[in-house]
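Chemist: mmCIF, C-alpha atoms (C1' of nucleotides), saved as model28.cif, coming up:
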data_protein
loop_
_atom_site.group_PDB
_atom_site.id
_atom_site.type_symbol
_atom_site.label_atom_id
_atom_site.label_comp_id
_atom_site.auth_asym_id
_atom_site.auth_seq_id
_atom_site.Cartn_x
_atom_site.Cartn_y
_atom_site.Cartn_z
ATOM 1 C CA MET A 1 3.553 3.485 5.868
ATOM 2 C CA PRO A 2 4.248 0.539 3.621
ATOM 3 C CA GLU A 3 4.498 0.603 -0.171
ATOM 4 C CA LEU A 4 6.202 -2.053 -2.231
ATOM 5 C CA ALA A 5 9.751 -1.454 -1.009
ATOM 6 C CA GLU A 6 8.766 -1.207 2.638
ATOM 7 C CA VAL A 7 6.627 -4.315 2.264
ATOM 8 C CA GLU A 8 9.647 -6.174 0.945
ATOM 9 C CA TYR A 9 11.631 -4.966 3.932
ATOM 10 C CA PHE A 10 8.983 -6.134 6.393
ATOM 11 C CA ARG A 11 8.683 -9.525 4.697
ATOM 12 C CA LYS A 12 12.342 -10.159 5.440
ATOM 13 C CA GLN A 13 11.881 -9.278 9.101
ATOM 14 C CA TRP A 14 10.240 -12.654 9.653
ATOM 15 C CA SER A 15 13.043 -14.566 7.961
ATOM 16 C CA PRO A 16 14.717 -15.532 11.268
ATOM 17 C CA GLY A 17 11.503 -17.414 12.108
ATOM 18 C CA LEU A 18 11.297 -19.399 8.878
ATOM 19 C CA GLY A 19 11.939 -23.077 9.381
ATOM 20 C CA GLN A 20 11.173 -22.807 13.083
ATOM 21 C CA ARG A 21 8.366 -24.846 14.595
ATOM 22 C CA ILE A 22 5.459 -22.617 15.626
ATOM 23 C CA ILE A 23 4.629 -23.561 19.186
ATOM 24 C CA ARG A 24 1.878 -21.043 19.762
ATOM 25 C CA VAL A 25 -0.395 -18.840 17.651
ATOM 26 C CA THR A 26 -2.002 -15.809 19.283
ATOM 27 C CA THR A 27 -4.605 -13.710 17.461
ATOM 28 C CA HIS A 28 -7.042 -10.882 18.012
ATOM 29 C CA PRO A 29 -9.886 -12.494 16.078
ATOM 30 C CA TRP A 30 -12.337 -9.652 16.736
ATOM 31 C CA THR A 31 -10.334 -7.145 14.703
ATOM 32 C CA ARG A 32 -11.169 -6.157 11.140
ATOM 33 C CA LEU A 33 -7.934 -7.753 9.974
ATOM 34 C CA TYR A 34 -9.616 -11.151 10.074
ATOM 35 C CA ARG A 35 -12.718 -10.164 8.093
ATOM 36 C CA ASP A 36 -11.858 -12.637 5.306
ATOM 37 C CA CYS A 37 -10.233 -15.242 7.455
ATOM 38 C CA ASP A 38 -11.361 -18.333 9.342
ATOM 39 C CA VAL A 39 -9.326 -17.721 12.485
ATOM 40 C CA VAL A 40 -10.019 -21.142 13.975
ATOM 41 C CA GLU A 41 -8.649 -22.755 10.828
ATOM 42 C CA LEU A 42 -5.635 -20.460 10.783
ATOM 43 C CA VAL A 43 -4.712 -21.183 14.382
ATOM 44 C CA SER A 44 -5.143 -24.919 14.156
ATOM 45 C CA ALA A 45 -3.310 -25.168 10.843
ATOM 46 C CA LEU A 46 -0.343 -23.016 11.823
ATOM 47 C CA ALA A 47 0.185 -24.429 15.301
ATOM 48 C CA GLY A 48 2.895 -27.041 15.061
ATOM 49 C CA SER A 49 3.781 -26.147 11.487
ATOM 50 C CA ARG A 50 6.717 -24.190 10.094
ATOM 51 C CA LEU A 51 6.746 -21.269 7.684
ATOM 52 C CA VAL A 52 9.159 -22.267 4.963
ATOM 53 C CA ALA A 53 9.066 -19.527 2.315
ATOM 54 C CA SER A 54 7.851 -15.995 1.748
ATOM 55 C CA GLU A 55 7.380 -13.554 -1.086
ATOM 56 C CA THR A 56 5.861 -10.169 -1.828
ATOM 57 C CA HIS A 57 3.636 -8.945 -4.613
ATOM 58 C CA GLY A 58 3.156 -5.194 -4.536
ATOM 59 C CA LYS A 59 1.853 -4.460 -1.075
ATOM 60 C CA GLN A 60 0.844 -8.086 -0.472
ATOM 61 C CA MET A 61 2.876 -10.698 1.391
ATOM 62 C CA LEU A 62 2.607 -14.466 1.325
ATOM 63 C CA PHE A 63 4.056 -16.991 3.769
ATOM 64 C CA ARG A 64 3.860 -20.679 2.952
ATOM 65 C CA SER A 65 3.895 -23.392 5.592
ATOM 66 C CA ASN A 66 5.247 -26.923 5.358
ATOM 67 C CA ARG A 67 1.657 -28.241 5.572
ATOM 68 C CA SER A 68 0.233 -26.570 2.476
ATOM 69 C CA GLY A 69 -0.856 -23.533 4.467
ATOM 70 C CA TRP A 70 -0.861 -20.110 2.800
ATOM 71 C CA LEU A 71 -0.783 -17.048 5.025
ATOM 72 C CA GLY A 72 -1.505 -13.762 3.278
ATOM 73 C CA ILE A 73 -0.702 -10.487 5.008
ATOM 74 C CA HIS A 74 -1.469 -6.934 3.971
ATOM 75 C CA LEU A 75 -0.009 -4.229 6.201
ATOM 76 C CA GLY A 76 -2.584 -1.546 5.491
ATOM 77 C CA MET A 77 -1.536 1.961 6.417
ATOM 78 C CA THR A 78 0.171 1.295 9.734
ATOM 79 C CA GLY A 79 1.280 -2.319 9.722
ATOM 80 C CA GLU A 80 4.708 -3.805 10.384
ATOM 81 C CA LEU A 81 6.240 -7.221 10.764
ATOM 82 C CA ARG A 82 8.859 -7.724 13.417
ATOM 83 C CA PHE A 83 10.854 -10.605 14.835
ATOM 84 C CA THR A 84 11.938 -10.472 18.446
ATOM 85 C CA GLU A 85 13.840 -12.820 20.705
ATOM 86 C CA ASP A 86 12.346 -10.973 23.651
ATOM 87 C CA SER A 87 9.228 -12.671 24.992
ATOM 88 C CA GLU A 88 7.767 -9.318 26.066
ATOM 89 C CA TYR A 89 5.824 -7.287 23.525
ATOM 90 C CA ASP A 90 3.053 -4.709 23.341
ATOM 91 C CA ASP A 91 -0.083 -6.797 23.037
ATOM 92 C CA ARG A 92 -2.411 -3.955 22.066
ATOM 93 C CA TYR A 93 -1.729 -4.017 18.327
ATOM 94 C CA ALA A 94 -0.024 -7.390 17.920
ATOM 95 C CA HIS A 95 -2.960 -8.951 16.100
ATOM 96 C CA LEU A 96 -1.024 -12.026 15.003
ATOM 97 C CA VAL A 97 1.842 -13.560 16.968
ATOM 98 C CA LEU A 98 3.636 -16.744 15.947
ATOM 99 C CA GLU A 99 5.776 -18.070 18.744
ATOM 100 C CA THR A 100 8.824 -20.238 18.106
ATOM 101 C CA LYS A 101 11.625 -21.415 20.359
ATOM 102 C CA LYS A 102 13.909 -18.872 18.751
ATOM 103 C CA GLY A 103 11.588 -15.881 19.052
ATOM 104 C CA LEU A 104 8.309 -14.248 18.118
ATOM 105 C CA MET A 105 7.011 -13.264 14.719
ATOM 106 C CA LEU A 106 4.791 -10.218 15.295
ATOM 107 C CA PHE A 107 2.289 -8.486 13.029
ATOM 108 C CA ASN A 108 1.479 -5.104 14.523
ATOM 109 C CA ASN A 109 -1.308 -3.051 12.959
ATOM 110 C CA PRO A 110 -2.738 -0.254 15.145
ATOM 111 C CA ARG A 111 -5.232 1.059 12.586
ATOM 112 C CA GLN A 112 -6.522 -2.270 11.380
ATOM 113 C CA PHE A 113 -6.528 -1.299 7.718
ATOM 114 C CA GLY A 114 -4.467 -4.380 7.006
ATOM 115 C CA ARG A 115 -5.747 -7.846 6.248
ATOM 116 C CA ILE A 116 -4.937 -11.435 7.102
ATOM 117 C CA ARG A 117 -5.899 -14.316 4.862
ATOM 118 C CA PHE A 118 -5.364 -18.015 5.221
ATOM 119 C CA ALA A 119 -5.922 -21.051 3.039
ATOM 120 C CA THR A 120 -4.910 -24.683 2.976
ATOM 121 C CA SER A 121 -4.395 -26.087 -0.485
ATOM 122 C CA LYS A 122 -1.847 -27.703 -2.763
ATOM 123 C CA LYS A 123 -1.704 -24.701 -5.087
ATOM 124 C CA ALA A 124 -1.588 -21.026 -4.130
ATOM 125 C CA PRO A 125 -5.094 -19.678 -3.478
ATOM 126 C CA GLU A 126 -6.879 -17.477 -5.995
ATOM 127 C CA TRP A 127 -6.415 -14.321 -3.916
ATOM 128 C CA TRP A 128 -2.695 -14.727 -4.511
ATOM 129 C CA ALA A 129 -2.466 -16.385 -7.916
ATOM 130 C CA GLY A 130 -4.903 -13.900 -9.437
ATOM 131 C CA LEU A 131 -2.864 -10.766 -8.685
ATOM 132 C CA PRO A 132 -1.999 -8.549 -11.670
ATOM 133 C CA PRO A 133 1.532 -8.443 -13.149
ATOM 134 C CA GLN A 134 4.112 -6.702 -10.992
ATOM 135 C CA VAL A 135 5.397 -3.388 -12.280
ATOM 136 C CA LEU A 136 8.951 -4.698 -12.581
ATOM 137 C CA SER A 137 7.986 -7.980 -14.225
ATOM 138 C CA LYS A 138 8.474 -8.852 -17.857
ATOM 139 C CA LYS A 139 4.710 -8.935 -18.417
ATOM 140 C CA PHE A 140 4.436 -5.289 -17.456
ATOM 141 C CA SER A 141 5.438 -4.083 -20.898
ATOM 142 C CA TYR A 142 4.816 -0.636 -22.312
ATOM 143 C CA SER A 143 1.942 -1.939 -24.414
ATOM 144 C CA PHE A 144 0.383 -3.597 -21.356
ATOM 145 C CA PHE A 145 0.682 -0.298 -19.483
ATOM 146 C CA SER A 146 -0.672 1.680 -22.399
ATOM 147 C CA THR A 147 -3.681 -0.593 -22.834
ATOM 148 C CA HIS A 148 -4.706 0.080 -19.253
ATOM 149 C CA LEU A 149 -4.282 3.817 -19.712
ATOM 150 C CA ASP A 150 -6.562 3.732 -22.739
ATOM 151 C CA ARG A 151 -9.332 2.438 -20.505
ATOM 152 C CA ARG A 152 -8.876 5.236 -17.951
ATOM 153 C CA LYS A 153 -8.819 8.299 -20.160
ATOM 154 C CA GLY A 154 -10.745 10.520 -17.750
ATOM 155 C CA THR A 155 -8.762 9.683 -14.625
ATOM 156 C CA GLN A 156 -6.288 12.090 -13.056
ATOM 157 C CA LEU A 157 -2.724 10.809 -12.975
ATOM 158 C CA LYS A 158 -2.433 10.725 -9.189
ATOM 159 C CA PRO A 159 -5.408 8.435 -8.519
ATOM 160 C CA LEU A 160 -4.433 6.429 -11.615
ATOM 161 C CA LEU A 161 -1.066 5.488 -10.121
ATOM 162 C CA LEU A 162 -2.730 4.410 -6.883
ATOM 163 C CA MET A 163 -4.847 1.758 -8.630
ATOM 164 C CA GLN A 164 -3.525 -1.513 -7.262
ATOM 165 C CA GLU A 165 -5.190 -3.544 -10.003
ATOM 166 C CA ILE A 166 -2.822 -1.849 -12.474
ATOM 167 C CA PHE A 167 0.199 -0.727 -10.436
ATOM 168 C CA PRO A 168 0.495 -3.142 -7.511
ATOM 169 C CA GLY A 169 2.684 -1.706 -4.776
ATOM 170 C CA VAL A 170 2.590 1.963 -5.758
ATOM 171 C CA GLY A 171 1.335 4.122 -2.878
ATOM 172 C CA ASN A 172 1.019 7.773 -2.018
ATOM 173 C CA TRP A 173 4.649 8.796 -1.764
ATOM 174 C CA MET A 174 5.743 6.700 -4.750
ATOM 175 C CA ALA A 175 3.019 8.161 -6.949
ATOM 176 C CA ASP A 176 4.198 11.671 -6.082
ATOM 177 C CA GLU A 177 7.818 10.728 -6.718
ATOM 178 C CA ILE A 178 6.957 9.233 -10.112
ATOM 179 C CA LEU A 179 4.933 12.240 -11.270
ATOM 180 C CA TRP A 180 7.611 14.634 -10.116
ATOM 181 C CA ARG A 181 10.302 12.761 -12.062
ATOM 182 C CA ALA A 182 8.052 12.561 -15.120
ATOM 183 C CA ARG A 183 7.388 16.319 -14.784
ATOM 184 C CA LEU A 184 3.629 15.707 -14.899
ATOM 185 C CA ALA A 185 1.100 17.584 -12.764
ATOM 186 C CA PRO A 186 -0.917 15.181 -10.564
ATOM 187 C CA THR A 187 -4.223 16.622 -11.774
ATOM 188 C CA ARG A 188 -3.514 15.948 -15.457
ATOM 189 C CA ARG A 189 -5.925 13.487 -17.086
ATOM 190 C CA VAL A 190 -4.740 10.403 -18.923
ATOM 191 C CA LYS A 191 -6.294 11.553 -22.187
ATOM 192 C CA SER A 192 -4.196 14.752 -22.174
ATOM 193 C CA LEU A 193 -0.867 12.889 -22.304
ATOM 194 C CA SER A 194 1.275 13.051 -25.413
ATOM 195 C CA ASP A 195 3.015 9.888 -26.566
ATOM 196 C CA TYR A 196 6.255 11.192 -25.136
ATOM 197 C CA GLU A 197 4.659 11.940 -21.748
ATOM 198 C CA ARG A 198 3.100 8.481 -21.606
ATOM 199 C CA LYS A 199 6.420 6.893 -22.301
ATOM 200 C CA THR A 200 8.110 9.046 -19.665
ATOM 201 C CA LEU A 201 5.467 8.093 -17.108
ATOM 202 C CA TYR A 202 6.111 4.414 -17.804
ATOM 203 C CA GLU A 203 9.860 4.819 -17.497
ATOM 204 C CA GLN A 204 9.763 6.821 -14.282
ATOM 205 C CA LEU A 205 7.236 4.406 -12.789
ATOM 206 C CA ARG A 206 9.643 1.539 -13.326
ATOM 207 C CA TRP A 207 12.641 3.566 -12.235
ATOM 208 C CA VAL A 208 11.119 4.589 -8.894
ATOM 209 C CA CYS A 209 9.965 1.033 -8.169
ATOM 210 C CA ARG A 210 13.397 -0.393 -8.954
ATOM 211 C CA TYR A 211 15.399 2.075 -6.876
ATOM 212 C CA ALA A 212 12.957 2.171 -3.971
ATOM 213 C CA LEU A 213 13.329 -1.603 -3.699
ATOM 214 C CA ARG A 214 17.084 -1.332 -3.889
ATOM 215 C CA ILE A 215 17.351 1.340 -1.212
ATOM 216 C CA VAL A 216 14.638 0.289 1.246
ATOM 217 C CA GLY A 217 13.968 -3.353 0.457
ATOM 218 C CA ASP A 218 17.096 -4.728 2.087
ATOM 219 C CA ASP A 219 17.928 -2.484 4.999
ATOM 220 C CA TRP A 220 15.537 0.482 5.126
ATOM 221 C CA GLY A 221 18.210 2.803 3.726
ATOM 222 C CA ASP A 222 17.725 6.534 3.301
ATOM 223 C CA PHE A 223 16.835 8.020 -0.047
ATOM 224 C CA PRO A 224 19.293 10.546 -1.490
ATOM 225 C CA ASN A 225 18.338 14.195 -1.088
ATOM 226 C CA SER A 226 17.836 14.315 -4.830
ATOM 227 C CA TRP A 227 14.535 12.473 -4.235
ATOM 228 C CA LEU A 228 11.304 14.332 -3.623
ATOM 229 C CA PHE A 229 10.729 11.907 -0.745
ATOM 230 C CA ASN A 230 13.060 13.774 1.605
ATOM 231 C CA HIS A 231 11.336 17.095 1.069
ATOM 232 C CA ARG A 232 7.677 16.237 0.717
ATOM 233 C CA TRP A 233 6.519 16.447 4.322
ATOM 234 C CA LYS A 234 8.586 19.407 5.432
ATOM 235 C CA ASP A 235 6.609 22.619 5.813
ATOM 236 C CA GLY A 236 8.147 25.117 3.437
ATOM 237 C CA GLY A 237 9.906 22.307 1.577
ATOM 238 C CA THR A 238 11.474 23.131 -1.751
ATOM 239 C CA CYS A 239 11.824 21.155 -4.940
ATOM 240 C CA PRO A 240 15.360 19.698 -5.019
ATOM 241 C CA LEU A 241 15.631 20.472 -8.735
ATOM 242 C CA THR A 242 14.247 23.984 -9.040
ATOM 243 C CA GLU A 243 14.576 25.163 -5.409
ATOM 244 C CA LYS A 244 11.057 26.544 -5.867
ATOM 245 C CA PRO A 245 8.409 25.858 -3.188
ATOM 246 C CA LEU A 246 6.610 22.530 -3.120
ATOM 247 C CA GLN A 247 2.841 22.561 -2.893
ATOM 248 C CA ARG A 248 0.427 20.263 -1.093
ATOM 249 C CA ASP A 249 -3.033 19.631 -2.508
ATOM 250 C CA THR A 250 -5.661 16.966 -2.178
ATOM 251 C CA VAL A 251 -5.899 15.074 -5.461
ATOM 252 C CA GLY A 252 -8.079 12.012 -5.776
ATOM 253 C CA GLY A 253 -8.756 12.262 -2.055
ATOM 254 C CA ARG A 254 -5.104 11.974 -1.044
ATOM 255 C CA THR A 255 -2.576 14.535 0.084
ATOM 256 C CA THR A 256 -0.314 15.191 -2.851
ATOM 257 C CA CYS A 257 3.013 16.979 -2.852
ATOM 258 C CA TRP A 258 4.264 18.428 -6.101
ATOM 259 C CA SER A 259 6.334 21.149 -7.680
ATOM 260 C CA PRO A 260 4.159 23.503 -9.775
ATOM 261 C CA ALA A 261 7.218 25.174 -11.261
ATOM 262 C CA TRP A 262 8.530 21.829 -12.515
ATOM 263 C CA GLN A 263 5.471 19.684 -13.255
ATOM 264 C CA HIS A 264 3.019 20.581 -16.007
ATOM 265 C "C1'" DT B 10 -11.607 19.782 18.973
ATOM 266 C "C1'" DA B 11 -11.262 18.702 14.420
ATOM 267 C "C1'" DC B 12 -8.599 16.867 11.037
ATOM 268 C "C1'" DA B 13 -5.089 14.267 8.725
ATOM 269 C "C1'" DA B 14 -2.743 9.885 8.190
ATOM 270 C "C1'" DT B 15 2.951 6.217 2.848
ATOM 271 C "C1'" DG B 16 -4.509 2.042 2.197
ATOM 272 C "C1'" DT B 17 -8.363 -0.494 0.434
ATOM 273 C "C1'" DT B 18 -13.342 -1.336 -0.226
ATOM 274 C "C1'" DT B 19 -17.941 -0.062 -0.872
ATOM 275 C "C1'" DT B 20 -21.434 2.788 -2.619
ATOM 276 C "C1'" DA B 21 -23.361 5.770 -5.881
ATOM 277 C "C1'" DA B 22 -23.589 8.246 -9.965
ATOM 278 C "C1'" DG B 23 -22.657 8.987 -14.738
ATOM 279 C "C1'" DC C 8 -21.200 -3.725 -17.799
ATOM 280 C "C1'" DC C 9 -17.589 0.089 -17.391
ATOM 281 C "C1'" DT C 10 -15.584 4.371 -15.487
ATOM 282 C "C1'" DT C 11 -15.163 7.860 -11.937
ATOM 283 C "C1'" DA C 12 -15.700 10.155 -7.383
ATOM 284 C "C1'" DA C 13 -16.637 10.195 -2.699
ATOM 285 C "C1'" DA C 14 -17.527 8.144 1.646
ATOM 286 C "C1'" DA C 15 -16.466 4.567 4.934
ATOM 287 C "C1'" DC C 16 -13.458 1.868 7.580
ATOM 288 C "C1'" DA C 17 -10.325 2.034 13.032
ATOM 289 C "C1'" DT C 18 -7.283 4.454 15.704
ATOM 290 C "C1'" DT C 19 -3.817 7.729 16.999
ATOM 291 C "C1'" DG C 20 -1.356 11.984 17.067
ATOM 292 C "C1'" DT C 21 -1.135 16.931 16.265
#
Could you show the structure in this file as structure tokens?
Modeler:
Amino acid sequence: MPELAEVEYFRKQWSPGLGQRIIRVTTHPWTRLYRDCDVVELVSALAGSRLVASETHGKQMLFRSNRSGWLGIHLGMTGELRFTEDSEYDDRYAHLVLETKKGLMLFNNPRQFGRIRFATSKKAPEWWAGLPPQVLSKKFSYSFFSTHLDRRKGTQLKPLLLMQEIFPGVGNWMADEILWRARLAPTRRVKSLSDYERKTLYEQLRWVCRYALRIVGDDWGDFPNSWLFNHRWKDGGTCPLTEKPLQRDTVGGRTTCWSPAWQH
DNA sequence: TACAATGTTTTAAG
DNA sequence: CCTTAAAACATTGT
């Protein structure tokens, strides 16, 4: 489920636990989530410590502890963070549980496409510090964007937008929303874009990221019906602008919803 | 039963 | 070495 706005929302779900002493750490160390993580180190370092700050970067989350511990979480396709004052929870998919006096910080991830990382160091570890510029940051200028496009001339626009090394945080529904607003067909190749179309793609990319964060990032609000988002999964859905039928195709290996009458 | 799922990573080919 | 496409990953729900 989570793309950059949802990730921001989930990050905040643990906020009630920040500053609280962690009295117990429970993990499912056999799951794929821990493939890049020394679980013994994670458990011993987090037990007794407090998480003091958190941030997101695209689909990545980082929690910092008061003992120079850095906890990286990626939600994958089905992950969520939750805080509960109830001591009962479904253990099946709660692969990381941080227990405090005030409540539990839970990371649920049924499909195990997520990832947990941990490091102890003065400075943020390379897997965090080395992430590419965020789409809404100052560094993500039009010329930066355009330089990356020049290197991917043969790529279709849909898989292009899903490249996390260029557009951190953009996922399947956001890519469709961006292309629909830019009026570009998902199968178009980068090299076919006119200067105007390139510019439009850049602007709509930033626009969708900004408003998605605004609407979902704080309180999981609903998107207006003017967004493709509300129509994309309905069978027989229609384009909110043209009222013509939406189409679903596989592009770049992912289900893609678009409006052939509107996007070219 | 077979397939799809709001995501990456790996492998292979060009 | 770089770009591009497809398969693999784990599990559930339709």
Chemist: Provide the atom C1' of B:DT20 to atom C1' of C:DC9 distance in Å, to one decimal place.
Modeler: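 Separation between atom C1' of B:DT20 and atom C1' of C:DC9: 15.5 Å.
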Chemist: Give me the result of the PyMOL selection byres ((chain B) within 12 of (chain A)) on this file, residue by residue, as a short mmCIF file (atom, residue, chain, number, x, y, z; two decimals) with C-alpha atoms (C1' of nucleotides), in the coordinates of the input.
Modeler:
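Listed below is the output, part_39.cif:
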data_model
loop_
_atom_site.label_atom_id
_atom_site.label_comp_id
_atom_site.auth_asym_id
_atom_site.auth_seq_id
_atom_site.Cartn_x
_atom_site.Cartn_y
_atom_site.Cartn_z
"C1'" DA B 13 -5.09 14.27 8.72
"C1'" DA B 14 -2.74 9.88 8.19
"C1'" DT B 15 2.95 6.22 2.85
"C1'" DG B 16 -4.51 2.04 2.20
"C1'" DT B 17 -8.36 -0.49 0.43
"C1'" DT B 18 -13.34 -1.34 -0.23
#
Chemist: How many Å separate atom CA of A:Asn230 from atom CA of A:Thr242?
Modeler: 14.8 Å
Chemist: Selected by the PyMOL selection byres ((chain C) within 9 of (chain A)) in the shown coordinates: which residues, as a list in words?
Modeler: DT10, DT11, DA12, DA13, DC16, DA17, DT18 and DT19 of chain C
Chemist: Since I can't run it myself right now, could you work out what the PyMOL selection byres ((chain A and resi 81) around 10) selects here and report it as a list of chain:residue names?
Modeler: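 Output from the PyMOL selection byres ((chain A and resi 81) around 10), applied to this file: A:Val7, A:Tyr9, A:Phe10, A:Arg11, A:Lys12, A:Gln13, A:Trp14, A:Ile73, A:Leu75, A:Gly79, A:Glu80, A:Arg82, A:Phe83, A:Ala94, A:Leu96, A:Val97, A:Met105, A:Leu106, A:Phe107, A:Asn108, A:Asn109.
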Chemist: May I ask for the distance between atom CA of A:Leu157 and atom CA of A:Pro186, given in Å to one decimal place?
Modeler: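 Here the two named atoms are 5.3 Å from each other.
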Chemist: Could you give me, as a ChimeraX atom specification, the residues that sit within 6 Å of (6.1, 16.8, -3.1) in the file's coordinates, counting all atoms listed in the file?
Modeler: /A:228,232,246,257-258
Chemist: Given the block above, output stretch 52-59 of chain A with all heavy atoms as a CSV table (one decimal), in the first residue's frame.
Modeler:
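Writing the result to selection_16.csv gives the following:
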chain,number,residue,atom,x,y,z
A,52,VAL,N,14.1,8.7,19.7
A,52,VAL,CA,13.9,10.2,19.9
A,52,VAL,C,13.5,11.0,18.7
A,52,VAL,O,13.1,12.2,18.9
A,52,VAL,CB,15.2,10.7,20.6
A,52,VAL,CG1,15.4,10.1,22.0
A,52,VAL,CG2,16.4,10.5,19.7
A,53,ALA,N,13.7,10.5,17.5
A,53,ALA,CA,13.3,11.3,16.3
A,53,ALA,C,13.1,10.3,15.2
A,53,ALA,O,13.5,9.2,15.2
A,53,ALA,CB,14.5,12.2,16.0
A,54,SER,N,12.3,10.8,14.2
A,54,SER,CA,12.0,10.0,13.0
A,54,SER,C,11.9,10.9,11.8
A,54,SER,O,11.6,12.1,11.9
A,54,SER,CB,10.7,9.3,13.2
A,54,SER,OG,9.6,10.1,13.4
A,55,GLU,N,12.1,10.3,10.7
A,55,GLU,CA,11.9,11.1,9.4
A,55,GLU,C,11.7,10.1,8.3
A,55,GLU,O,11.9,8.9,8.4
A,55,GLU,CB,13.2,11.9,9.1
A,55,GLU,CG,14.4,11.2,8.9
A,55,GLU,CD,15.6,12.1,8.8
A,55,GLU,OE1,15.6,12.9,7.8
A,55,GLU,OE2,16.6,12.0,9.6
A,56,THR,N,11.2,10.6,7.2
A,56,THR,CA,11.0,9.7,6.0
A,56,THR,C,11.8,10.3,4.8
A,56,THR,O,12.2,11.4,4.8
A,56,THR,CB,9.5,9.7,5.5
A,56,THR,OG1,9.1,11.0,5.2
A,56,THR,CG2,8.6,9.2,6.6
A,57,HIS,N,12.1,9.3,3.9
A,57,HIS,CA,12.7,9.7,2.7
A,57,HIS,C,12.1,8.8,1.6
A,57,HIS,O,12.5,7.7,1.5
A,57,HIS,CB,14.3,9.5,2.8
A,57,HIS,CG,15.0,10.0,1.5
A,57,HIS,ND1,15.9,11.0,1.5
A,57,HIS,CD2,14.9,9.5,0.3
A,57,HIS,CE1,16.3,11.2,0.3
A,57,HIS,NE2,15.8,10.3,-0.5
A,58,GLY,N,11.3,9.4,0.8
A,58,GLY,CA,10.5,8.5,-0.1
A,58,GLY,C,9.8,7.5,0.6
A,58,GLY,O,9.0,7.8,1.5
A,59,LYS,N,10.0,6.2,0.3
A,59,LYS,CA,9.3,5.1,1.0
A,59,LYS,C,10.1,4.6,2.2
A,59,LYS,O,9.7,3.7,2.8
A,59,LYS,CB,9.1,4.0,0.0
A,59,LYS,CG,8.2,4.3,-1.2
A,59,LYS,CD,8.1,3.2,-2.2
A,59,LYS,CE,7.4,3.7,-3.4
A,59,LYS,NZ,7.4,2.7,-4.5
